[in-house]
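The next block is target_34.csv, given as CSV, C-alpha atoms and all ligand atoms.
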```csv
chain,number,residue,atom,x,y,z
A,1,MET,CA,-16.4,5.8,-0.4
A,2,PRO,CA,-16.7,2.0,-0.8
A,3,ALA,CA,-13.3,0.2,-1.3
A,4,VAL,CA,-12.7,-1.5,-4.6
A,5,ASP,CA,-12.2,-5.3,-4.7
A,6,ALA,CA,-9.3,-5.4,-7.3
A,7,GLN,CA,-10.1,-9.1,-8.1
A,8,ARG,CA,-13.6,-8.3,-9.4
A,9,HIS,CA,-12.2,-5.8,-11.9
A,10,LEU,CA,-9.1,-5.2,-14.1
A,11,LEU,CA,-7.9,-1.8,-13.2
A,12,GLY,CA,-4.1,-2.1,-13.6
A,13,LEU,CA,-1.1,-4.4,-13.5
A,14,ASP,CA,0.6,-2.5,-10.7
A,15,GLY,CA,0.5,-4.8,-7.8
A,16,MET,CA,-1.2,-7.7,-9.7
A,17,ASP,CA,0.0,-11.0,-8.3
A,18,ARG,CA,2.0,-13.3,-10.5
A,19,SER,CA,-0.6,-16.1,-10.3
A,20,ARG,CA,-3.4,-13.9,-11.7
A,21,LEU,CA,-1.2,-12.5,-14.4
A,22,VAL,CA,0.0,-15.9,-15.6
A,23,SER,CA,-3.5,-17.4,-15.3
A,24,LEU,CA,-4.9,-14.6,-17.6
A,25,LEU,CA,-2.1,-15.3,-20.1
A,26,GLU,CA,-2.7,-19.0,-20.0
A,27,ARG,CA,-6.4,-18.5,-20.6
A,28,ALA,CA,-5.5,-16.2,-23.5
A,29,ARG,CA,-3.3,-19.1,-24.9
A,30,SER,CA,-6.3,-21.5,-24.7
A,31,PHE,CA,-8.1,-19.3,-27.2
A,32,ASP,CA,-5.1,-19.1,-29.6
A,33,ASP,CA,-5.6,-21.1,-32.8
A,34,GLY,CA,-1.8,-21.7,-33.0
A,35,THR,CA,-1.2,-18.6,-35.3
A,36,GLY,CA,-1.7,-16.0,-32.6
A,37,ARG,CA,-5.4,-15.4,-33.6
A,38,ALA,CA,-8.5,-16.4,-31.8
A,39,THR,CA,-10.0,-19.8,-32.7
A,40,ARG,CA,-13.4,-19.4,-34.3
A,41,GLY,CA,-16.3,-21.3,-32.7
A,42,GLY,CA,-15.5,-24.0,-30.2
A,43,GLU,CA,-16.7,-24.4,-26.6
A,44,HIS,CA,-15.9,-20.9,-25.6
A,45,ALA,CA,-18.3,-19.5,-28.3
A,46,GLU,CA,-21.2,-19.8,-25.8
A,47,LEU,CA,-19.3,-18.9,-22.6
A,48,LEU,CA,-20.9,-15.5,-22.1
A,49,ARG,CA,-24.2,-16.0,-24.0
A,50,GLY,CA,-26.8,-13.7,-22.5
A,51,GLN,CA,-24.4,-11.2,-21.0
A,52,ASN,CA,-23.7,-7.7,-22.3
A,53,VAL,CA,-20.2,-6.1,-22.5
A,54,CYS,CA,-20.4,-2.3,-22.7
A,55,ASN,CA,-17.6,-0.3,-24.2
A,56,LEU,CA,-17.6,3.3,-22.8
A,57,PHE,CA,-14.9,5.0,-24.8
A,58,PHE,CA,-14.5,8.7,-23.9
A,59,GLU,CA,-11.2,8.9,-25.8
A,60,ASP,CA,-10.3,7.8,-29.3
A,61,SER,CA,-9.3,4.2,-30.0
A,62,THR,CA,-9.1,1.7,-32.9
A,63,ARG,CA,-7.5,-1.5,-31.8
A,64,THR,CA,-8.5,-1.5,-28.2
A,65,ARG,CA,-12.2,-0.8,-28.9
A,66,VAL,CA,-12.4,-3.2,-31.9
A,67,SER,CA,-10.7,-6.0,-30.0
A,68,PHE,CA,-12.8,-5.7,-26.9
A,69,SER,CA,-15.9,-5.9,-29.2
A,70,LEU,CA,-14.5,-8.9,-31.0
A,71,ALA,CA,-13.4,-10.6,-27.8
A,72,ALA,CA,-16.9,-10.2,-26.4
A,73,THR,CA,-18.5,-11.5,-29.6
A,74,ASN,CA,-16.2,-14.5,-29.8
A,75,LEU,CA,-17.4,-15.5,-26.3
A,76,GLY,CA,-21.1,-15.1,-27.3
A,77,ALA,CA,-21.7,-11.9,-25.4
A,78,GLY,CA,-23.7,-8.9,-26.7
A,79,VAL,CA,-21.8,-5.6,-27.2
A,80,ILE,CA,-22.9,-2.1,-26.5
A,81,ASP,CA,-20.5,0.4,-27.9
A,82,LEU,CA,-20.7,4.0,-26.6
A,83,THR,CA,-18.3,6.8,-27.5
A,84,ALA,CA,-18.3,10.4,-26.1
A,85,PRO,CA,-19.6,12.0,-29.3
A,86,GLY,CA,-23.1,10.6,-29.6
A,87,SER,CA,-23.5,10.0,-25.9
A,88,SER,CA,-25.0,12.3,-23.2
A,89,VAL,CA,-21.5,13.1,-22.0
A,90,THR,CA,-21.6,15.9,-24.5
A,91,LYS,CA,-24.6,17.3,-22.7
A,92,GLY,CA,-22.7,17.4,-19.4
A,93,GLU,CA,-23.5,13.9,-17.9
A,94,THR,CA,-20.6,12.5,-15.9
A,95,ILE,CA,-18.8,9.3,-16.6
A,96,ILE,CA,-20.1,7.9,-13.3
A,97,ASP,CA,-23.7,8.7,-14.1
A,98,THR,CA,-23.2,7.3,-17.6
A,99,ALA,CA,-21.8,4.1,-16.2
A,100,ASN,CA,-24.8,3.8,-13.7
A,101,VAL,CA,-27.2,4.3,-16.6
A,102,VAL,CA,-25.5,1.6,-18.7
A,103,GLU,CA,-25.5,-0.8,-15.8
A,104,ALA,CA,-29.2,-0.1,-15.1
A,105,THR,CA,-30.0,-0.9,-18.7
A,106,GLY,CA,-28.4,-4.4,-18.3
A,107,GLY,CA,-24.7,-4.0,-18.8
A,108,ASP,CA,-22.8,-6.9,-17.2
A,109,ALA,CA,-19.3,-5.5,-17.6
A,110,LEU,CA,-18.0,-2.0,-18.3
A,111,VAL,CA,-14.9,-1.3,-20.4
A,112,ILE,CA,-13.8,2.2,-19.7
A,113,ARG,CA,-11.4,4.5,-21.7
A,114,SER,CA,-10.9,8.0,-20.5
A,115,SER,CA,-8.2,10.7,-20.5
A,116,ALA,CA,-8.6,11.0,-16.7
A,117,PRO,CA,-6.2,8.9,-14.6
A,118,GLY,CA,-8.2,6.8,-12.1
A,119,ALA,CA,-11.5,7.0,-14.1
A,120,ALA,CA,-12.0,3.2,-14.2
A,121,GLN,CA,-11.2,3.0,-10.5
A,122,SER,CA,-13.8,5.7,-9.8
A,123,VAL,CA,-16.4,3.9,-11.9
A,124,ALA,CA,-15.6,0.6,-10.1
A,125,ARG,CA,-16.5,2.3,-6.8
A,126,HIS,CA,-20.0,3.2,-8.0
A,127,VAL,CA,-21.2,0.2,-10.0
A,128,GLY,CA,-22.0,-3.4,-9.1
A,129,VAL,CA,-20.5,-5.0,-12.2
A,130,PRO,CA,-16.9,-5.7,-13.2
A,131,VAL,CA,-15.0,-2.7,-14.7
A,132,ILE,CA,-12.1,-3.1,-17.1
A,133,ASN,CA,-9.6,-0.2,-17.5
A,134,ALA,CA,-9.0,0.3,-21.3
A,135,GLY,CA,-6.7,3.2,-20.7
A,136,ASP,CA,-6.9,6.0,-18.1
A,137,GLY,CA,-4.9,9.0,-19.0
A,138,ALA,CA,-1.2,8.4,-18.5
A,139,HIS,CA,-1.9,5.9,-15.7
A,140,GLU,CA,-2.4,2.3,-16.9
A,141,HIS,CA,-3.6,0.2,-19.8
A,142,PRO,CA,-3.6,-3.3,-18.3
A,143,THR,CA,-4.8,-5.3,-21.3
A,144,GLN,CA,-2.1,-3.6,-23.4
A,145,GLY,CA,0.5,-4.8,-20.8
A,146,LEU,CA,-0.9,-8.3,-21.0
A,147,LEU,CA,-1.0,-8.4,-24.8
A,148,ASP,CA,2.5,-7.1,-25.0
A,149,ILE,CA,3.8,-9.9,-22.7
A,150,TYR,CA,1.8,-12.4,-24.7
A,151,ALA,CA,3.1,-11.3,-28.0
A,152,LEU,CA,6.7,-11.0,-26.9
A,153,ALA,CA,6.8,-14.3,-25.0
A,154,SER,CA,5.3,-16.0,-28.0
A,155,ALA,CA,7.8,-14.4,-30.4
A,156,LEU,CA,10.6,-15.5,-28.0
A,157,GLY,CA,9.3,-19.1,-27.9
A,158,ARG,CA,8.4,-18.7,-24.2
A,159,ALA,CA,4.6,-18.9,-24.3
A,160,ASP,CA,4.8,-22.1,-22.2
A,161,ALA,CA,5.2,-20.0,-19.0
A,162,PHE,CA,5.3,-16.4,-20.3
A,163,GLU,CA,8.5,-15.9,-18.6
A,164,LEU,CA,10.9,-13.1,-19.6
A,165,SER,CA,13.9,-13.5,-17.3
A,166,GLY,CA,17.2,-12.6,-18.8
A,167,ARG,CA,15.5,-10.4,-21.4
A,168,THR,CA,15.7,-6.6,-21.7
A,169,VAL,CA,12.7,-4.7,-23.0
A,170,ALA,CA,13.2,-1.0,-23.8
A,171,SER,CA,10.4,1.6,-24.2
A,172,VAL,CA,11.6,4.3,-26.5
A,173,GLY,CA,10.3,7.8,-26.6
A,174,ASP,CA,7.5,9.4,-24.6
A,175,SER,CA,7.5,7.1,-21.6
A,176,ILE,CA,6.3,9.8,-19.2
A,177,SER,CA,3.0,10.2,-21.0
A,178,SER,CA,2.5,6.5,-21.6
A,179,ARG,CA,0.1,4.3,-19.8
A,180,VAL,CA,1.3,1.5,-22.1
A,181,ALA,CA,4.9,1.9,-20.8
A,182,ARG,CA,3.7,1.8,-17.2
A,183,SER,CA,1.5,-1.3,-17.6
A,184,ASP,CA,4.2,-3.0,-19.7
A,185,PHE,CA,6.8,-2.5,-17.0
A,186,PHE,CA,4.6,-3.6,-14.1
A,187,GLY,CA,3.7,-6.8,-16.0
A,188,MET,CA,7.1,-7.5,-17.7
A,189,ILE,CA,9.1,-6.9,-14.5
A,190,THR,CA,6.7,-9.3,-12.7
A,191,ARG,CA,7.6,-11.9,-15.4
A,192,GLY,CA,11.3,-11.4,-14.8
A,193,ALA,CA,12.3,-8.9,-17.6
A,194,ARG,CA,14.7,-6.0,-17.2
A,195,GLY,CA,13.0,-2.8,-18.2
A,196,MET,CA,14.5,0.2,-19.7
A,197,CYS,CA,13.1,3.7,-20.7
A,198,VAL,CA,15.0,5.5,-23.4
A,199,GLY,CA,14.2,9.1,-24.5
A,200,PRO,CA,14.9,12.8,-24.0
A,201,PRO,CA,15.1,13.5,-20.3
A,202,THR,CA,11.8,15.4,-20.4
A,203,LEU,CA,10.0,12.4,-21.8
A,204,ALA,CA,12.0,9.7,-20.0
A,205,PRO,CA,13.1,11.4,-16.8
A,206,PRO,CA,15.3,9.6,-14.3
A,207,ALA,CA,12.3,9.5,-11.9
A,208,LEU,CA,10.9,6.6,-14.0
A,209,ARG,CA,13.5,4.5,-12.2
A,210,ALA,CA,10.8,4.3,-9.4
A,211,MET,CA,8.9,2.0,-11.7
A,212,GLY,CA,11.8,-0.4,-11.5
A,213,CYS,CA,13.5,0.2,-14.9
A,214,ALA,CA,16.8,1.6,-16.1
A,215,VAL,CA,16.6,5.1,-17.8
A,216,SER,CA,18.8,6.4,-20.6
A,217,SER,CA,18.7,9.3,-23.0
A,218,ASP,CA,21.2,7.7,-25.4
A,219,LEU,CA,19.4,5.3,-27.7
A,220,ASP,CA,22.4,4.4,-29.8
A,221,ALA,CA,24.4,3.5,-26.7
A,222,VAL,CA,21.8,1.1,-25.3
A,223,LEU,CA,19.9,-0.2,-28.3
A,224,GLY,CA,22.2,-3.2,-28.6
A,225,GLU,CA,21.2,-4.4,-25.1
A,226,ALA,CA,17.5,-4.7,-25.9
A,227,ASP,CA,15.7,-8.0,-26.8
A,228,ALA,CA,12.7,-5.9,-27.7
A,229,VAL,CA,12.0,-2.3,-28.2
A,230,GLN,CA,8.5,-0.8,-27.7
A,231,MET,CA,8.5,2.4,-29.8
A,232,LEU,CA,6.1,4.9,-28.3
A,233,ARG,CA,4.1,7.6,-30.1
A,234,LEU,CA,4.7,11.2,-29.1
A,235,GLN,CA,1.5,11.7,-27.1
A,236,PHE,CA,1.0,15.4,-28.0
A,237,GLU,CA,-2.5,15.5,-26.5
A,238,ARG,CA,-1.0,14.7,-23.1
A,239,HIS,CA,1.6,17.4,-23.2
A,240,GLY,CA,-0.8,20.2,-22.2
A,241,GLY,CA,-0.2,23.8,-23.2
A,242,SER,CA,-0.9,25.3,-26.5
A,243,GLY,CA,-1.1,22.1,-28.6
A,244,GLU,CA,2.3,23.0,-30.1
A,245,ARG,CA,3.7,20.1,-32.0
A,246,VAL,CA,7.1,19.9,-30.4
A,247,PRO,CA,7.1,18.2,-27.0
A,248,PRO,CA,8.7,20.0,-24.0
A,249,GLY,CA,12.5,19.7,-23.9
A,250,VAL,CA,12.7,18.6,-27.5
A,251,GLY,CA,14.3,21.1,-29.9
A,252,SER,CA,12.4,20.0,-33.0
A,253,LEU,CA,10.8,16.9,-34.4
A,254,ARG,CA,13.7,16.7,-36.7
A,255,GLU,CA,16.1,16.5,-33.7
A,256,TYR,CA,13.8,14.0,-32.0
A,257,ARG,CA,13.8,11.8,-35.1
A,258,ALA,CA,17.6,12.1,-35.4
A,259,LEU,CA,18.1,10.9,-31.8
A,260,TYR,CA,15.2,8.5,-31.1
A,261,SER,CA,13.5,7.3,-34.2
A,262,LEU,CA,14.0,3.6,-35.0
A,263,THR,CA,15.3,4.1,-38.5
A,264,SER,CA,16.3,1.2,-40.8
A,265,GLU,CA,20.0,2.0,-40.0
A,266,ARG,CA,19.4,1.8,-36.3
A,267,ALA,CA,17.3,-1.3,-36.5
A,268,ALA,CA,20.1,-3.0,-38.3
A,269,SER,CA,22.3,-2.5,-35.2
A,270,MET,CA,19.8,-4.3,-32.9
A,271,LYS,CA,20.8,-7.7,-31.5
A,272,PRO,CA,20.1,-10.6,-33.8
A,273,GLY,CA,16.6,-11.9,-33.0
A,274,ALA,CA,15.5,-8.7,-31.2
A,275,PHE,CA,12.0,-7.6,-31.8
A,276,VAL,CA,10.3,-4.3,-32.7
A,277,MET,CA,7.0,-3.5,-31.0
A,278,HIS,CA,4.6,-0.6,-31.1
A,279,PRO,CA,1.3,-0.3,-29.2
A,280,GLY,CA,-0.1,1.8,-32.1
A,281,PRO,CA,-1.3,4.1,-33.5
A,282,VAL,CA,2.0,4.3,-35.5
A,283,ASN,CA,3.3,7.5,-36.9
A,284,ARG,CA,5.4,6.2,-39.7
A,285,GLY,CA,8.6,8.3,-40.2
A,286,LEU,CA,8.5,9.8,-36.7
A,287,GLU,CA,9.0,7.2,-34.0
A,288,LEU,CA,10.0,4.5,-36.5
A,289,ASP,CA,10.5,4.1,-40.3
A,290,GLY,CA,7.7,2.4,-42.2
A,291,ALA,CA,10.2,-0.2,-43.4
A,292,VAL,CA,11.0,-1.1,-39.8
A,293,ALA,CA,7.3,-1.3,-38.9
A,294,ASP,CA,6.7,-3.7,-41.8
A,295,GLY,CA,10.1,-5.5,-41.5
A,296,GLY,CA,11.2,-8.9,-40.3
A,297,ARG,CA,11.8,-7.9,-36.6
A,298,SER,CA,8.3,-6.3,-36.3
A,299,ILE,CA,5.7,-8.0,-34.2
A,300,ILE,CA,3.3,-5.0,-34.3
A,301,LEU,CA,0.4,-7.0,-35.8
A,302,LYS,CA,1.1,-9.9,-33.5
A,303,GLN,CA,0.5,-7.5,-30.7
A,304,VAL,CA,-2.9,-6.5,-32.2
A,305,SER,CA,-4.0,-10.2,-32.6
A,306,ALA,CA,-2.9,-11.0,-29.0
A,307,GLY,CA,-5.1,-8.1,-27.9
A,308,VAL,CA,-8.2,-10.1,-28.9
A,309,LEU,CA,-6.9,-13.2,-27.0
A,310,VAL,CA,-6.1,-11.4,-23.7
A,311,ARG,CA,-9.4,-9.4,-23.8
A,312,MET,CA,-11.2,-12.7,-24.2
A,313,ALA,CA,-9.3,-14.0,-21.2
A,314,VAL,CA,-10.2,-11.0,-19.1
A,315,LEU,CA,-13.9,-11.1,-20.0
A,316,ALA,CA,-13.9,-14.9,-19.4
A,317,GLU,CA,-12.2,-14.4,-16.0
A,318,LEU,CA,-14.5,-11.6,-14.8
A,319,LEU,CA,-17.8,-12.9,-16.3
A,320,GLY,CA,-17.4,-16.6,-17.1
B,401,LIG,C1,-2.2,3.4,-26.9
B,401,LIG,C2,-3.1,4.1,-26.0
B,401,LIG,O1,-4.2,4.6,-26.4
B,401,LIG,O2,-2.8,4.1,-24.8
B,401,LIG,N1,-2.7,2.7,-27.9
B,401,LIG,C3,-3.4,1.6,-27.7
B,401,LIG,O3,-4.3,1.5,-26.9
B,401,LIG,N2,-3.0,0.5,-28.4
B,401,LIG,C4,-1.0,4.2,-27.2
B,401,LIG,C5,-1.1,5.6,-27.8
B,401,LIG,O4,-2.1,6.2,-27.7
B,401,LIG,O5,0.0,6.1,-28.2
```

Represent the structure of the file as structure tokens.
Amino acid sequence: MPAVDAQRHLLGLDGMDRSRLVSLLERARSFDDGTGRATRGGEHAELLRGQNVCNLFFEDSTRTRVSFSLAATNLGAGVIDLTAPGSSVTKGETIIDTANVVEATGGDALVIRSSAPGAAQSVARHVGVPVINAGDGAHEHPTQGLLDIYALASALGRADAFELSGRTVASVGDSISSRVARSDFFGMITRGARGMCVGPPTLAPPALRAMGCAVSSDLDAVLGEADAVQMLRLQFERHGGSGERVPPGVGSLREYRALYSLTSERAASMKPGAFVMHPGPVNRGLELDGAVADGGRSIILKQVSAGVLVRMAVLAELLG
């Protein structure tokens, strides 16, 4: 099996060197119009003219798929957008064969989302064009990790060097199922942050310390330490079994909410100036209150805007 040249692709933030990470964030900043959104027009609008970016999304997505498409369009590239329903995957074709077909038709970069950990890496072994991991099971979601660093560093006034030393970032909830939590920690710890996973022991088990973060099951005890909390969705589809709505080890959703939801009362006990984040999709009233999602501490929509910038940076790096 051919080895994968990690520099030609974006497969994960685990092991990514600091210089590549910072250079991607700096490039994202060069596309920022000063409000956190992408500048319209300008020199970069023709950067990828004549190239085609292909989204191959075998799992549902709103913000990741839309922002990859917009990022490609902003750089002048064409976009091909394939989802599992409507593709020959439903007729039994494999992801690798699908990727080879899309490359053969003229795709210059493949953006892959799949429920299978390692899917993007496998595709990268079999195609000759850059592959970007847009989420592979519970493994990694590297552009989400980048956009979270971008949005948080910007909110903290640290977008000069995207440096997070002295700051504690807590992922709250279903960290064990979360590719977002993993990519966030790999990236944020590289930028100097202290990471913390908070949740019921079945969803934030002590084994997550291996990722380099502290682990707690007592949100009220540790919330005051956080400079930012990333509230995670309960990822029922990754819990396996019968599709039952209550995650393993959690008595009931009511109990979960009582212990781990970021309610307005809890948010009021956060440090002054601490931020609320969420990778989306948000389940209002479960992992956090609607008033908190829309409140003054929330940078949830800043994260979404940063997603376009970092995806532009990744496409520019790999194809420009
Ligand atoms: C996340 C994902 O799909 O990994 N969303 C996203 O891409 N912004 C998080 C989730 O599904 O809960």

Could you produce a table of the residues of chain A lying within 8 Å of ligand LIG 401 (chain B), with the nearest pair of atoms per residue and their separation in Å rounded to one decimal, using all atoms listed in the file, ordered by chain and increasing residue number, as CSV?
```
residue,atom,partner,partner_atom,distance
A:Asp60,CA,B:LIG401,O1,7.5
A:Ser61,CA,B:LIG401,O1,6.3
A:Thr62,CA,B:LIG401,N2,7.7
A:Arg63,CA,B:LIG401,N2,6.0
A:Thr64,CA,B:LIG401,O3,5.3
A:Ala134,CA,B:LIG401,O3,7.4
A:Gly135,CA,B:LIG401,O2,5.7
A:Gly137,CA,B:LIG401,O2,7.9
A:Ala138,CA,B:LIG401,O2,7.8
A:His141,CA,B:LIG401,O2,6.4
A:Gln144,CA,B:LIG401,N2,6.5
A:Ser178,CA,B:LIG401,O2,6.6
A:Arg179,CA,B:LIG401,O2,5.8
A:Val180,CA,B:LIG401,O2,5.6
A:Leu232,CA,B:LIG401,O5,6.2
A:Arg233,CA,B:LIG401,O5,4.8
A:Leu234,CA,B:LIG401,O5,7.0
A:Gln235,CA,B:LIG401,O5,5.9
A:Pro279,CA,B:LIG401,N2,4.4
A:Gly280,CA,B:LIG401,N2,4.9
A:Pro281,CA,B:LIG401,O5,5.8
A:Val282,CA,B:LIG401,O5,7.8
A:Val304,CA,B:LIG401,N2,8.0
```

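With CA of Val292 (chain A) on one side and CA of Gly187 (chain A) on the other, the separation reads 25.5 Å.
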
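Among the candidate residues A:Ile189, A:Ala99, A:Leu309, A:Leu56, the one lying nearest to Gly212 (chain A) is A:Ile189, with distances computed using all atoms listed in the file.
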
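Shortest atom-to-atom contact with Val22 (chain A) among A:Ile112, A:Met196, A:Ala161, A:Ala170: A:Ala161, counting all atoms listed in the file.
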
query = Using all atoms listed in the file, which of A:Ala210, A:Ala204, A:Val172, A:Arg37 sits nearest Ser261 (chain A)?
reply =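 Between A:Ala210, A:Ala204, A:Val172, A:Arg37, the residue approaching Ser261 (chain A) most closely is A:Val172.
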
12 Å contact set for Glu26 (chain A), all atoms listed in the file, chain neighbours under 5 positions out, as a PyMOL selection string = chain A and resi 19-21+31-32+146-147+149-150+153-154+158-163+309-310+312-314+316-317

Long-range neighbours of Glu59 (chain A) as number ranges by chain, 7 Å cut-off, only C-alpha atoms, 4 positions minimum in chain = A: 113-115

message = Taking (-19.8, -7.2, -25.4) in the coordinates of the supplied file, I want to know which residues reach to within 7 Å of it, counting all atoms listed in the file; could you give the answer as JSON, numbers by chain?
response = {"A": [52, 53, 54, 69, 72, 73, 77, 78, 79, 80]}

request  = Record the distance separating CA of Phe275 (chain A) and CA of Gln230 (chain A), expressed in Å with one decimal.
outcome  =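 Computed distance, CA of Phe275 (chain A) to CA of Gln230 (chain A), equals 8.7 Å.
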
request  = Would you work out the distance separating CA of Arg297 (chain A) from CA of Met277 (chain A), expressed in Å to one decimal?
outcome  =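 Pair CA of Arg297 (chain A) / CA of Met277 (chain A) returns 8.6 Å.
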
task = Up to 9 Å from (7.5, 6.8, -35.8) in the file's coordinates: name the residues, counting all atoms listed in the file, as a PyMOL selection string.
result = chain A and resi 231-234+257+261-263+282-290+293

task = For Ala274 (chain A), list every protein, DNA or RNA residue within 8 Å, evaluated using only C-alpha atoms, and leave out those in the same chain fewer than 3 positions away; present the list as a PyMOL selection string.
result = chain A and resi 226-229+270-271+297

message = Using all atoms listed in the file for the distances, tell me which of A:Asn55, A:Ala214, A:Phe185, A:Gly249 is nearest to Cys197 (chain A).
response =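 Between A:Asn55, A:Ala214, A:Phe185, A:Gly249, the residue approaching Cys197 (chain A) most closely is A:Ala214.
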
ask   = So, counting only C-alpha atoms, which residue among A:Asn133, A:Ser171, A:Thr190, A:Thr39 is closest to Ala116 (chain A)?
value = A:Asn133

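Minimum atom-to-atom distances from A:Glu140, A:Glu225, A:Asp5, A:Asp148 to Ser175 (chain A) were compared using all atoms listed in the file, and the lowest value belongs to A:Glu140.
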
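For Ser122 (chain A), the non-local neighbours within 12 Å, defined as residues at least 5 positions apart in the same chain or in other chains and counting all atoms listed in the file, are Met1, Pro2, Ala3, Val4, His9, Leu11, Thr94, Ile95, Ile96, Asp97, Ala99, Asn100, Ile112, Ser114, Ala116, Pro117, Val127, Val131, Ile132, Asn133 and Asp136 of chain A.
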
Would you save the residues of that selection, restricted to C-alpha atoms, as an mmCIF file, keeping the file's coordinate frame?
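So the final result, stored in again_12.cif, reads:
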```cif
data_model
loop_
_atom_site.group_PDB
_atom_site.id
_atom_site.type_symbol
_atom_site.label_atom_id
_atom_site.label_comp_id
_atom_site.auth_asym_id
_atom_site.auth_seq_id
_atom_site.Cartn_x
_atom_site.Cartn_y
_atom_site.Cartn_z
ATOM 1 C CA MET A 1 -16.400 5.800 -0.400
ATOM 2 C CA PRO A 2 -16.700 2.000 -0.800
ATOM 3 C CA ALA A 3 -13.300 0.200 -1.300
ATOM 4 C CA VAL A 4 -12.700 -1.500 -4.600
ATOM 5 C CA HIS A 9 -12.200 -5.800 -11.900
ATOM 6 C CA LEU A 11 -7.900 -1.800 -13.200
ATOM 7 C CA THR A 94 -20.600 12.500 -15.900
ATOM 8 C CA ILE A 95 -18.800 9.300 -16.600
ATOM 9 C CA ILE A 96 -20.100 7.900 -13.300
ATOM 10 C CA ASP A 97 -23.700 8.700 -14.100
ATOM 11 C CA ALA A 99 -21.800 4.100 -16.200
ATOM 12 C CA ASN A 100 -24.800 3.800 -13.700
ATOM 13 C CA ILE A 112 -13.800 2.200 -19.700
ATOM 14 C CA SER A 114 -10.900 8.000 -20.500
ATOM 15 C CA ALA A 116 -8.600 11.000 -16.700
ATOM 16 C CA PRO A 117 -6.200 8.900 -14.600
ATOM 17 C CA VAL A 127 -21.200 0.200 -10.000
ATOM 18 C CA VAL A 131 -15.000 -2.700 -14.700
ATOM 19 C CA ILE A 132 -12.100 -3.100 -17.100
ATOM 20 C CA ASN A 133 -9.600 -0.200 -17.500
ATOM 21 C CA ASP A 136 -6.900 6.000 -18.100
#
```

For Ser216 (chain A): contacts at 9 Å, all atoms listed in the file, fewer than 2 positions along chain excluded, given as an mmCIF file with C-alpha atoms, in the coordinates of the input:
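The resulting file, around-v3.cif, is shown below:
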```cif
data_model
loop_
_atom_site.group_PDB
_atom_site.id
_atom_site.type_symbol
_atom_site.label_atom_id
_atom_site.label_comp_id
_atom_site.auth_asym_id
_atom_site.auth_seq_id
_atom_site.Cartn_x
_atom_site.Cartn_y
_atom_site.Cartn_z
ATOM 1 C CA MET A 196 14.500 0.200 -19.700
ATOM 2 C CA CYS A 197 13.100 3.700 -20.700
ATOM 3 C CA VAL A 198 15.000 5.500 -23.400
ATOM 4 C CA GLY A 199 14.200 9.100 -24.500
ATOM 5 C CA PRO A 200 14.900 12.800 -24.000
ATOM 6 C CA PRO A 201 15.100 13.500 -20.300
ATOM 7 C CA ALA A 204 12.000 9.700 -20.000
ATOM 8 C CA PRO A 205 13.100 11.400 -16.800
ATOM 9 C CA PRO A 206 15.300 9.600 -14.300
ATOM 10 C CA ALA A 214 16.800 1.600 -16.100
ATOM 11 C CA ASP A 218 21.200 7.700 -25.400
ATOM 12 C CA LEU A 219 19.400 5.300 -27.700
ATOM 13 C CA ALA A 221 24.400 3.500 -26.700
ATOM 14 C CA VAL A 222 21.800 1.100 -25.300
#
```
